[in-house]
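Enquirer: Quick one: structure below, then a few questions.
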Amino acid sequence: MYIKNHTMSALPKWLSLYLNKVHVHDELANHGGRYPEHWDTLFKRLGNLTAEDLSSRAVEISQLLQNGNTQPESNKRWHFDPLPFMFSKSEWTFLEEGIKQRTVLLNAIQQDIYGEQKLLLEGHIPAQQLYQNSNYLREGFSLPSNELKLFFTALDIYRAPSGEFKVLADHCQCPLGMGLLVESRIIARRVMAEEFADCNVQQIKNFLKIFQEGINEYTQYMDDPRVVILTQGTDDPNYNEHAFLSVYFGYTLVQSADLTVRNGEVCLKSLQGLGKINVIVRWVPDRSIDSLEQTEYSLHGIPGLLQAVREGAVKVLNPFGSGVLSSPAVQCNLTHLSQHILKQPLMIAEPNYYDVEKAKTLDWSLLELASYKDRSLKLDGSVDAEKIKTLIRAKPEEYYFQDKPVFSTAPFWDNGKLISKPVVFRCYALTTENGVEILPSALCFSNEISNDPSVSGWIKDTWINTASDTELEAVVLPPPIKKRTDVALLEGVISSRTAEHLFWLGRYLERCENTVRILRIFIDRYTELAIYPDAIRHSIVGRFSNAIKSQHIVYPYIEQEPKLEGFDPLLSKQVAFQLLADEQSAGSIVNTLKYLSNTALQTRELLSHDSRRMIDDINDQVKQLRNTTRDISTRAMQSILDKVIGSIMAFNGSITDCMPNSNGWFLLEIGRRIERSIQITSLSSALLTEEMDTPKELGLLEAVLSCQVSLITHKRRYRMYQTIGTGLELLLLDAEYPRSLLFQLEQINQLCQHLPTKRRPGLIAAHEKAILLSKTTCYLTEKDYLQKAEDGKRKQLIEFSHNIRMNLNTFCDVLLLQYFTHTKTSHKLNWTNIEQAQS
Amino acid sequence: MKYKIKHSTTYQYADYVSICQNQARLTPKTDRGQICHHSRIDISPPPSYLQQFTDYFNNNVTVFEVATQHKTLKVTMTSEVELLTDAKANINGFDMLWIKVRDLLESANTMELLRASEFVLPSQLTPLEKGIKEYTLVSFAPDVNLIEGCKDLMARIFHEFYYDPGFTTISTPLSVVFAQKRGVCQDFAHFALACLRSVGLAGRYISGYIETMPPEGEEKLEGADATHAWFAVYLPNFGWVDFDPTNNVVPTDQHITLAVGRDFSDVTPLKGVVFGGGSQLLDVAVDMIRLE
């Protein structure tokens, strides 16, 4: 007992409260007593903290944790605890040895399964069970044998009531959580810097370095190696972790659709064309990674990948086939296999297994039932006893029993006090040429509802004591020159998909900003109308309201002539609400923010930490907007708009300086300018084409200029007299004015220089032609020509706007076709119609 | 017996295909029962990539990519195969009680038995449906020899099932074939495999060709032969013995093996992933010409 070694009065109150509760199998209160020194060191520091101090740390942590937000739509979050978990040096030494032993054993088994199969022949592994396992990868047999070795593996360990460590599961396929672990370590070091130093915590840096070296090993003799991290995409609940790792290691993050196989080589579809990939670090299961060769069709498959691996054109990590190691056929026999292969007892074993016959004589309340076939099946021996009886009566050979794992608990900080929660430790191992390396930490997690760690729960950083300071100075050889250049070469490789998302990110940012401004000015005008209800104001607000309702001046910027409807000023607030928070209307602010945040998520590996925080803010605003109701006050709407524009501006600011053009930054800028050009043309063609009395006309012009933040410039420049013509000149035709249409077109023209071109010098590309045509139209058009009305209509202005819109559409189409063509989908055909066969 | 085989598959698309990745299992195997003396694959438009490998079941797989834009893809395999009829026919003296075979497979203690034991397990296309075991046991009384039982099972399928080319597709489940007792050679092979496996015997699926004879007095038409499917059962100390339930014969000199596997999905003669293309039309023509 930890408590026996300590005087309660010396401990902080929040800790003694926890220790005084009844604990039977607690890491601190019970098991902590055996090696109390490392906990002592921690609490010596933390002893000075009050409960309030700890709570404020918990808040700070939750703000820092990025991976905590899995998906914007879900409420799942990791709770990262301000108290680390402590392992003593001696406990860890044992665990380290045990994990090493197990990894070596698993590797030997894998080599045999995909090789001689002696273990099967001699009956150490039941062949029939193994052959039936869907993770037994028959494709593996035609691959080079080094494509089947273990590389990066993980295992979940818990402590049984006896104090022994047990294995809950092996993860040899795509071990999750290392990104989360690294991130929580970074936060822990920031929030608990002093404690960290006092406790002599072993660093994880070296392991990560070896991990990266393990990846780079395959590229060290190459001139221009490319390493990518393959994720299933933003639908994957662990996408954030994949993005985090890609940023941490500096590898391009790709999805299956970004890769294609050409001439037996795997290529990335990038803005620059197809680029050969040398190493794929995959987070896609091996059973459905090649939609051509494998029968299990998956959208995440890359047709032809296995052939590229077979020919050695690409290295895939983790290598293939290791899923079979988690099958009951292997797991149930590990204790025996350890004796047989290593001639050693297994240091960390899994819970005991019993076949159905043997279990009949045992106490079921301590057991659970599992299936050889269905890995998800777990039935509690006491709760589900009846169900179990039925199952094992029908097919006794399909099931087995195992000891119910009894997890130890650990203290977690929750609402100002410590509570106890069951914990499991996920440890990571790396198999290299030089043996097995163990990550000197673990992801300590608790999930009371489910044992599935992919479901969010509570986590802790795990601290391993080092005996002395000298161990911190690990000897690290300087990397060979070749390796040092790798990361530099990687910059500039951006997939076509990411490029397209950047383009749309620019468009949504601008769209959002513009819609907020329009709504602000609309609110301003109709509240003014309520105070001064004169005919001119009535007519202006009416037209404005109509242009919003009919979506002429907001997305989708419909071009047809607006129908003139009756206008009821009392309904203005409804129009404003719809534009703000109605999810049914395409261009509403809530929808635009949603698209914006989804798009940003798709490019999150390119964004800085601060920018990603802004996206969290935007998500919060989406949630808030969804909860607003029609009876919201105008005042409250204005305050929401202030917040939205604040986040957008902050996001703009945070990205301006962080993204180099080589990363496709210019595409965001192109998107932004395109969107702005569309806005300017639709505003003028929707509100300024009708000839009216001068006061009405000028009132509308003032509204339009305000929407384009150009009112003051207009007033200053045309002090003497202002007409629709002067407004149009400023908004459309002035090449030097930063908010004018022509200025946007000039900018787009320049930004296009960054796009890789395959044209011969002297010729210009189709998208450049479209911009050139628009530019020329602007340069050659006079303001008086646009202002001129016929039968009350400015037909030339309508035509001018229409032509510009057409050209902009052409530009976007060409961009899509030439640079973003990844969207083309494939389909699989089994080309044999055996039905034609005759007898 | 020697045959020359020409197997053409033509695909016509409504739209252009920009690129396609393919795998073909069209090169006949060389094993104890046959020798593939020569084979050639012609692809039009010509492939930008072409390689061969041997899969888990020792089938020859051709991997190819066509990167030229096309609306028609034609894959023609020409091969010359010699059937070693002696090796196939001579099972006398090797036969044993089916129960003995089942027990040997259950406790497989040689590499050969271990490999065969994999074919005892139900596969995706040959699930163990209700009633199949009972159906099978009618042919396999405890004192029946393996070959005898298989011949009986084959004959029952031949007589009780109706050959109906329009009835099934590749995705028709086995339970429907069993309930309706209708299908084509592929369905009969799958059904027979499900039967064998239900009683613990090892069966494998075979895709190949069968020689057809024109009606008396008529000339044989070009492209009139066909791809075919049948099954084989594992006989210890001997190897795999073929049975063709569609024709109720033990294949000797008219069946050529292309590829073997647990079921059709392991041996698909030609499959591909295409980009673009839209709707498509397929045409398959097989010629099997007796050379000597």
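Within each chain, counting starts at residue 1; across the structure tokens, chains are named A, B, ... in the order shown, with ligands numbered 1 upward in that order.
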I need the chain B residues near chain A as a list in words; criterion: at most 6 Å, counting only C-alpha atoms.
Expert: Tyr49, Asp55, Tyr56, Asn109, Pro165, Ala226, Thr227, His228, Leu270, Lys271, Gly272, Val273, Val274 and Phe275 of chain B
Enquirer: Can you write out the residues you just picked, keeping N, CA, C and O atoms, as a PDB file, in the first residue's frame?
Expert:
```
ATOM      1  N   TYR B  49       2.980  -2.076 -69.791  1.00  0.00           N
ATOM      2  CA  TYR B  49       3.650  -2.832 -68.732  1.00  0.00           C
ATOM      3  C   TYR B  49       3.126  -4.253 -68.775  1.00  0.00           C
ATOM      4  O   TYR B  49       1.921  -4.464 -68.925  1.00  0.00           O
ATOM      5  N   ASP B  55       1.090 -17.370 -58.398  1.00  0.00           N
ATOM      6  CA  ASP B  55       0.342 -17.044 -57.182  1.00  0.00           C
ATOM      7  C   ASP B  55       0.383 -18.195 -56.172  1.00  0.00           C
ATOM      8  O   ASP B  55       1.064 -19.197 -56.365  1.00  0.00           O
ATOM      9  N   TYR B  56      -0.333 -18.000 -55.083  1.00  0.00           N
ATOM     10  CA  TYR B  56      -0.374 -18.943 -53.957  1.00  0.00           C
ATOM     11  C   TYR B  56      -0.733 -20.353 -54.392  1.00  0.00           C
ATOM     12  O   TYR B  56      -0.260 -21.328 -53.836  1.00  0.00           O
ATOM     13  N   ASN B 109      -0.179 -34.570 -41.516  1.00  0.00           N
ATOM     14  CA  ASN B 109       1.175 -34.638 -40.973  1.00  0.00           C
ATOM     15  C   ASN B 109       2.259 -34.616 -42.063  1.00  0.00           C
ATOM     16  O   ASN B 109       3.426 -34.847 -41.774  1.00  0.00           O
ATOM     17  N   PRO B 165     -28.356 -21.834 -68.755  1.00  0.00           N
ATOM     18  CA  PRO B 165     -27.425 -20.699 -68.875  1.00  0.00           C
ATOM     19  C   PRO B 165     -28.012 -19.350 -68.476  1.00  0.00           C
ATOM     20  O   PRO B 165     -27.293 -18.466 -68.067  1.00  0.00           O
ATOM     21  N   ALA B 226     -15.471 -23.334 -75.508  1.00  0.00           N
ATOM     22  CA  ALA B 226     -15.834 -22.479 -74.375  1.00  0.00           C
ATOM     23  C   ALA B 226     -14.918 -22.671 -73.191  1.00  0.00           C
ATOM     24  O   ALA B 226     -14.248 -23.693 -73.059  1.00  0.00           O
ATOM     25  N   THR B 227     -14.925 -21.631 -72.356  1.00  0.00           N
ATOM     26  CA  THR B 227     -14.280 -21.791 -71.061  1.00  0.00           C
ATOM     27  C   THR B 227     -15.184 -22.693 -70.233  1.00  0.00           C
ATOM     28  O   THR B 227     -16.392 -22.741 -70.432  1.00  0.00           O
ATOM     29  N   HIS B 228     -14.568 -23.379 -69.303  1.00  0.00           N
ATOM     30  CA  HIS B 228     -15.316 -24.391 -68.584  1.00  0.00           C
ATOM     31  C   HIS B 228     -14.844 -24.422 -67.138  1.00  0.00           C
ATOM     32  O   HIS B 228     -13.801 -23.832 -66.814  1.00  0.00           O
ATOM     33  N   LEU B 270      -9.726 -13.210 -66.281  1.00  0.00           N
ATOM     34  CA  LEU B 270      -9.281 -11.864 -66.630  1.00  0.00           C
ATOM     35  C   LEU B 270     -10.043 -10.871 -65.774  1.00  0.00           C
ATOM     36  O   LEU B 270     -11.266 -10.882 -65.742  1.00  0.00           O
ATOM     37  N   LYS B 271      -9.317 -10.037 -65.054  1.00  0.00           N
ATOM     38  CA  LYS B 271     -10.001  -8.990 -64.306  1.00  0.00           C
ATOM     39  C   LYS B 271      -9.228  -7.697 -64.444  1.00  0.00           C
ATOM     40  O   LYS B 271      -8.030  -7.711 -64.757  1.00  0.00           O
ATOM     41  N   GLY B 272      -9.927  -6.592 -64.225  1.00  0.00           N
ATOM     42  CA  GLY B 272      -9.248  -5.326 -64.428  1.00  0.00           C
ATOM     43  C   GLY B 272      -9.909  -4.181 -63.701  1.00  0.00           C
ATOM     44  O   GLY B 272     -11.049  -4.272 -63.268  1.00  0.00           O
ATOM     45  N   VAL B 273      -9.160  -3.117 -63.540  1.00  0.00           N
ATOM     46  CA  VAL B 273      -9.707  -1.864 -63.031  1.00  0.00           C
ATOM     47  C   VAL B 273      -9.503  -0.841 -64.133  1.00  0.00           C
ATOM     48  O   VAL B 273      -8.386  -0.636 -64.588  1.00  0.00           O
ATOM     49  N   VAL B 274     -10.609  -0.238 -64.588  1.00  0.00           N
ATOM     50  CA  VAL B 274     -10.494   0.711 -65.685  1.00  0.00           C
ATOM     51  C   VAL B 274     -10.866   2.114 -65.211  1.00  0.00           C
ATOM     52  O   VAL B 274     -11.683   2.272 -64.319  1.00  0.00           O
ATOM     53  N   PHE B 275     -10.245   3.104 -65.801  1.00  0.00           N
ATOM     54  CA  PHE B 275     -10.579   4.492 -65.513  1.00  0.00           C
ATOM     55  C   PHE B 275     -11.306   5.040 -66.724  1.00  0.00           C
ATOM     56  O   PHE B 275     -10.766   5.059 -67.826  1.00  0.00           O
TER      57      PHE B 275
END
```
Enquirer: Would you mind listing what lies within 9 Å of region 85-89 of chain A as a ChimeraX atom specification, with only C-alpha atoms counted and same-chain residues fewer than 5 positions away left out?
Expert: /A:27-28,35-39,42,94,410-411,441,444,460-467
Enquirer: Run DSSP on the backbone and grab whatever in region 304-500 of chain A lands in helix (DSSP H, G or I); send it over as a ChimeraX atom specification.
Expert: /A:305-310,322-326,328-331,334-342,356-359,364-366,385-394,396-398,469-472,481-490,496-500
Enquirer: Could you name the residues that touch Asp53 (chain A) at 12 Å or less, counting only C-alpha atoms, but leaving out those on the same chain fewer than 4 positions away, as a list in words?
Expert: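 Residues meeting the cut-off are Pro12, Trp14, Leu46, Gly47, Asn48, Leu49, Arg57, Ala58, Val59, Glu60, Pro82, Val191, Met192, Trp413, Gly416 and Lys417 of chain A.
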Enquirer: Residues near Ala24 (chain B), anyone? I mean within 12 Å using only C-alpha atoms, not counting same-chain ones fewer than 2 positions away, as a JSON list (two decimals) with N, CA and C atoms, in the first residue's frame.
Expert:
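Output contents, as saved in selection09.json:
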```json
[["chain", "number", "residue", "atom", "x", "y", "z"],
["A", 292, "LEU", "N", -7.27, -4.26, -57.41],
["A", 292, "LEU", "CA", -7.21, -5.14, -58.58],
["A", 292, "LEU", "C", -6.97, -6.58, -58.15],
["A", 293, "GLU", "N", -5.92, -6.78, -57.38],
["A", 293, "GLU", "CA", -5.49, -8.14, -57.07],
["A", 293, "GLU", "C", -6.33, -8.79, -55.99],
["A", 830, "ASN", "N", -14.83, -7.84, -63.50],
["A", 830, "ASN", "CA", -14.39, -9.22, -63.60],
["A", 830, "ASN", "C", -14.83, -9.69, -64.97],
["A", 831, "TRP", "N", -13.88, -9.79, -65.82],
["A", 831, "TRP", "CA", -14.20, -9.84, -67.23],
["A", 831, "TRP", "C", -14.50, -11.21, -67.77],
["A", 832, "THR", "N", -14.99, -12.08, -66.97],
["A", 832, "THR", "CA", -15.21, -13.38, -67.55],
["A", 832, "THR", "C", -16.67, -13.73, -67.42],
["B", 7, "HIS", "N", -7.81, -18.13, -77.12],
["B", 7, "HIS", "CA", -8.86, -17.59, -76.25],
["B", 7, "HIS", "C", -8.83, -16.07, -76.35],
["B", 8, "SER", "N", -9.85, -15.49, -76.99],
["B", 8, "SER", "CA", -9.87, -14.03, -77.15],
["B", 8, "SER", "C", -10.98, -13.42, -76.31],
["B", 9, "THR", "N", -10.64, -12.36, -75.63],
["B", 9, "THR", "CA", -11.62, -11.60, -74.88],
["B", 9, "THR", "C", -11.60, -10.19, -75.44],
["B", 21, "GLN", "N", -5.68, -1.36, -65.53],
["B", 21, "GLN", "CA", -4.74, -2.28, -64.87],
["B", 21, "GLN", "C", -5.41, -3.65, -64.87],
["B", 22, "ASN", "N", -4.68, -4.68, -65.23],
["B", 22, "ASN", "CA", -5.32, -5.99, -65.39],
["B", 22, "ASN", "C", -4.50, -7.12, -64.81],
["B", 26, "LEU", "N", -4.58, -16.75, -67.66],
["B", 26, "LEU", "CA", -4.92, -17.33, -68.96],
["B", 26, "LEU", "C", -3.84, -18.26, -69.49],
["B", 27, "THR", "N", -2.73, -18.37, -68.75],
["B", 27, "THR", "CA", -1.67, -19.27, -69.19],
["B", 27, "THR", "C", -1.90, -20.64, -68.55],
["B", 28, "PRO", "N", -2.13, -21.68, -69.37],
["B", 28, "PRO", "CA", -2.41, -22.99, -68.78],
["B", 28, "PRO", "C", -1.27, -23.43, -67.85],
["B", 41, "ILE", "N", 0.65, -14.15, -75.13],
["B", 41, "ILE", "CA", -0.49, -13.26, -74.91],
["B", 41, "ILE", "C", -0.34, -12.04, -75.82],
["B", 42, "ASP", "N", -1.39, -11.74, -76.58],
["B", 42, "ASP", "CA", -1.38, -10.55, -77.44],
["B", 42, "ASP", "C", -2.44, -9.59, -76.93],
["B", 43, "ILE", "N", -2.01, -8.37, -76.74],
["B", 43, "ILE", "CA", -2.92, -7.38, -76.19],
["B", 43, "ILE", "C", -2.97, -6.18, -77.13],
["B", 50, "LEU", "N", 4.03, -5.22, -68.66],
["B", 50, "LEU", "CA", 3.60, -6.61, -68.69],
["B", 50, "LEU", "C", 4.58, -7.46, -67.89],
["B", 51, "GLN", "N", 4.08, -8.18, -66.92],
["B", 51, "GLN", "CA", 4.92, -9.03, -66.08],
["B", 51, "GLN", "C", 4.15, -10.29, -65.72],
["B", 52, "GLN", "N", 4.90, -11.30, -65.30],
["B", 52, "GLN", "CA", 4.24, -12.55, -64.88],
["B", 52, "GLN", "C", 4.66, -12.89, -63.46],
["B", 53, "PHE", "N", 3.78, -13.53, -62.73],
["B", 53, "PHE", "CA", 4.19, -14.10, -61.45],
["B", 53, "PHE", "C", 3.38, -15.35, -61.16],
["B", 54, "THR", "N", 3.80, -16.09, -60.16],
["B", 54, "THR", "CA", 3.10, -17.31, -59.79],
["B", 54, "THR", "C", 2.38, -17.07, -58.46],
["B", 55, "ASP", "N", 1.09, -17.37, -58.40],
["B", 55, "ASP", "CA", 0.34, -17.04, -57.18],
["B", 55, "ASP", "C", 0.38, -18.19, -56.17],
["B", 59, "ASN", "N", -0.67, -20.79, -59.84],
["B", 59, "ASN", "CA", -1.18, -20.42, -61.16],
["B", 59, "ASN", "C", -0.28, -19.35, -61.77],
["B", 60, "ASN", "N", -0.22, -19.33, -63.11],
["B", 60, "ASN", "CA", 0.53, -18.27, -63.79],
["B", 60, "ASN", "C", -0.35, -17.04, -63.93],
["B", 61, "VAL", "N", 0.15, -15.93, -63.43],
["B", 61, "VAL", "CA", -0.62, -14.69, -63.52],
["B", 61, "VAL", "C", 0.12, -13.69, -64.39],
["B", 62, "THR", "N", -0.59, -13.11, -65.35],
["B", 62, "THR", "CA", 0.00, -12.06, -66.18],
["B", 62, "THR", "C", -0.57, -10.73, -65.72],
["B", 63, "VAL", "N", 0.31, -9.81, -65.36],
["B", 63, "VAL", "CA", -0.13, -8.48, -64.95],
["B", 63, "VAL", "C", 0.16, -7.53, -66.09],
["B", 64, "PHE", "N", -0.81, -6.78, -66.51],
["B", 64, "PHE", "CA", -0.50, -5.80, -67.56],
["B", 64, "PHE", "C", -1.30, -4.52, -67.41],
["B", 65, "GLU", "N", -0.74, -3.47, -68.00],
["B", 65, "GLU", "CA", -1.36, -2.15, -67.94],
["B", 65, "GLU", "C", -1.46, -1.62, -69.36],
["B", 75, "VAL", "N", -7.73, -9.09, -75.71],
["B", 75, "VAL", "CA", -6.68, -9.90, -75.10],
["B", 75, "VAL", "C", -6.78, -11.30, -75.70],
["B", 76, "THR", "N", -5.74, -11.71, -76.38],
["B", 76, "THR", "CA", -5.77, -13.03, -77.00],
["B", 76, "THR", "C", -4.65, -13.89, -76.45],
["B", 77, "MET", "N", -5.03, -15.05, -75.94],
["B", 77, "MET", "CA", -4.02, -15.97, -75.43],
["B", 77, "MET", "C", -3.97, -17.18, -76.37],
["B", 258, "LEU", "N", -6.64, -24.37, -66.75],
["B", 258, "LEU", "CA", -6.00, -23.04, -66.77],
["B", 258, "LEU", "C", -5.43, -22.71, -65.41],
["B", 259, "ALA", "N", -6.31, -22.76, -64.42],
["B", 259, "ALA", "CA", -5.89, -22.36, -63.08],
["B", 259, "ALA", "C", -6.74, -23.08, -62.04],
["B", 266, "ASP", "N", -10.64, -17.17, -56.92],
["B", 266, "ASP", "CA", -9.19, -17.36, -56.95],
["B", 266, "ASP", "C", -8.65, -17.51, -58.38],
["B", 267, "VAL", "N", -9.50, -17.76, -59.33],
["B", 267, "VAL", "CA", -9.01, -18.13, -60.67],
["B", 267, "VAL", "C", -9.53, -17.25, -61.80],
["B", 268, "THR", "N", -10.27, -16.17, -61.44],
["B", 268, "THR", "CA", -10.85, -15.28, -62.45],
["B", 268, "THR", "C", -9.90, -15.14, -63.65],
["B", 269, "PRO", "N", -10.28, -15.59, -64.84],
["B", 269, "PRO", "CA", -9.34, -15.58, -65.97],
["B", 269, "PRO", "C", -8.84, -14.19, -66.34],
["B", 270, "LEU", "N", -9.73, -13.21, -66.28],
["B", 270, "LEU", "CA", -9.28, -11.86, -66.63],
["B", 270, "LEU", "C", -10.04, -10.87, -65.77],
["B", 271, "LYS", "N", -9.32, -10.04, -65.05],
["B", 271, "LYS", "CA", -10.00, -8.99, -64.31],
["B", 271, "LYS", "C", -9.23, -7.70, -64.44],
["B", 272, "GLY", "N", -9.93, -6.59, -64.22],
["B", 272, "GLY", "CA", -9.25, -5.33, -64.43],
["B", 272, "GLY", "C", -9.91, -4.18, -63.70]]
```
Enquirer: Got a sec: who's within 6 Å of region 143-160 of chain B, counting only C-alpha atoms, leaving out chain neighbours fewer than 4 positions off, as a list in words?
Expert: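 That gives Met96, Leu97, Trp98, Ser139, Pro245, Thr246 and Asn248 of chain B.
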Enquirer: Based on the selection just made, write N, CA, C and O atoms of those residues as a short mmCIF file (atom, residue, chain, number, x, y, z; two decimals), in the first residue's frame.
Expert:
```
data_model
loop_
_atom_site.label_atom_id
_atom_site.label_comp_id
_atom_site.auth_asym_id
_atom_site.auth_seq_id
_atom_site.Cartn_x
_atom_site.Cartn_y
_atom_site.Cartn_z
N MET B 96 -8.94 -45.07 -51.76
CA MET B 96 -9.11 -45.49 -50.38
C MET B 96 -10.45 -45.03 -49.85
O MET B 96 -11.13 -44.21 -50.47
N LEU B 97 -10.86 -45.59 -48.71
CA LEU B 97 -12.14 -45.22 -48.12
C LEU B 97 -12.17 -43.71 -47.88
O LEU B 97 -11.20 -43.14 -47.40
N TRP B 98 -13.31 -43.09 -48.17
CA TRP B 98 -13.36 -41.62 -48.02
C TRP B 98 -13.17 -41.21 -46.57
O TRP B 98 -12.61 -40.15 -46.28
N SER B 139 -24.22 -40.04 -51.11
CA SER B 139 -23.20 -40.65 -51.97
C SER B 139 -22.05 -41.26 -51.17
O SER B 139 -21.28 -42.05 -51.67
N PRO B 245 -18.91 -32.41 -63.32
CA PRO B 245 -20.32 -32.72 -63.05
C PRO B 245 -21.25 -32.22 -64.16
O PRO B 245 -22.36 -32.70 -64.29
N THR B 246 -20.79 -31.26 -64.95
CA THR B 246 -21.65 -30.74 -66.02
C THR B 246 -21.83 -31.79 -67.11
O THR B 246 -22.86 -31.84 -67.78
N ASN B 248 -20.76 -35.18 -66.51
CA ASN B 248 -20.71 -36.50 -65.88
C ASN B 248 -19.56 -37.35 -66.43
O ASN B 248 -19.75 -38.51 -66.80
#
```
Enquirer: Could you name the residues that touch Leu282 (chain B) at 7 Å or less, counting only C-alpha atoms, but leaving out those on the same chain fewer than 3 positions away, as a VMD selection string?
Expert: chain B and resid 10 to 12
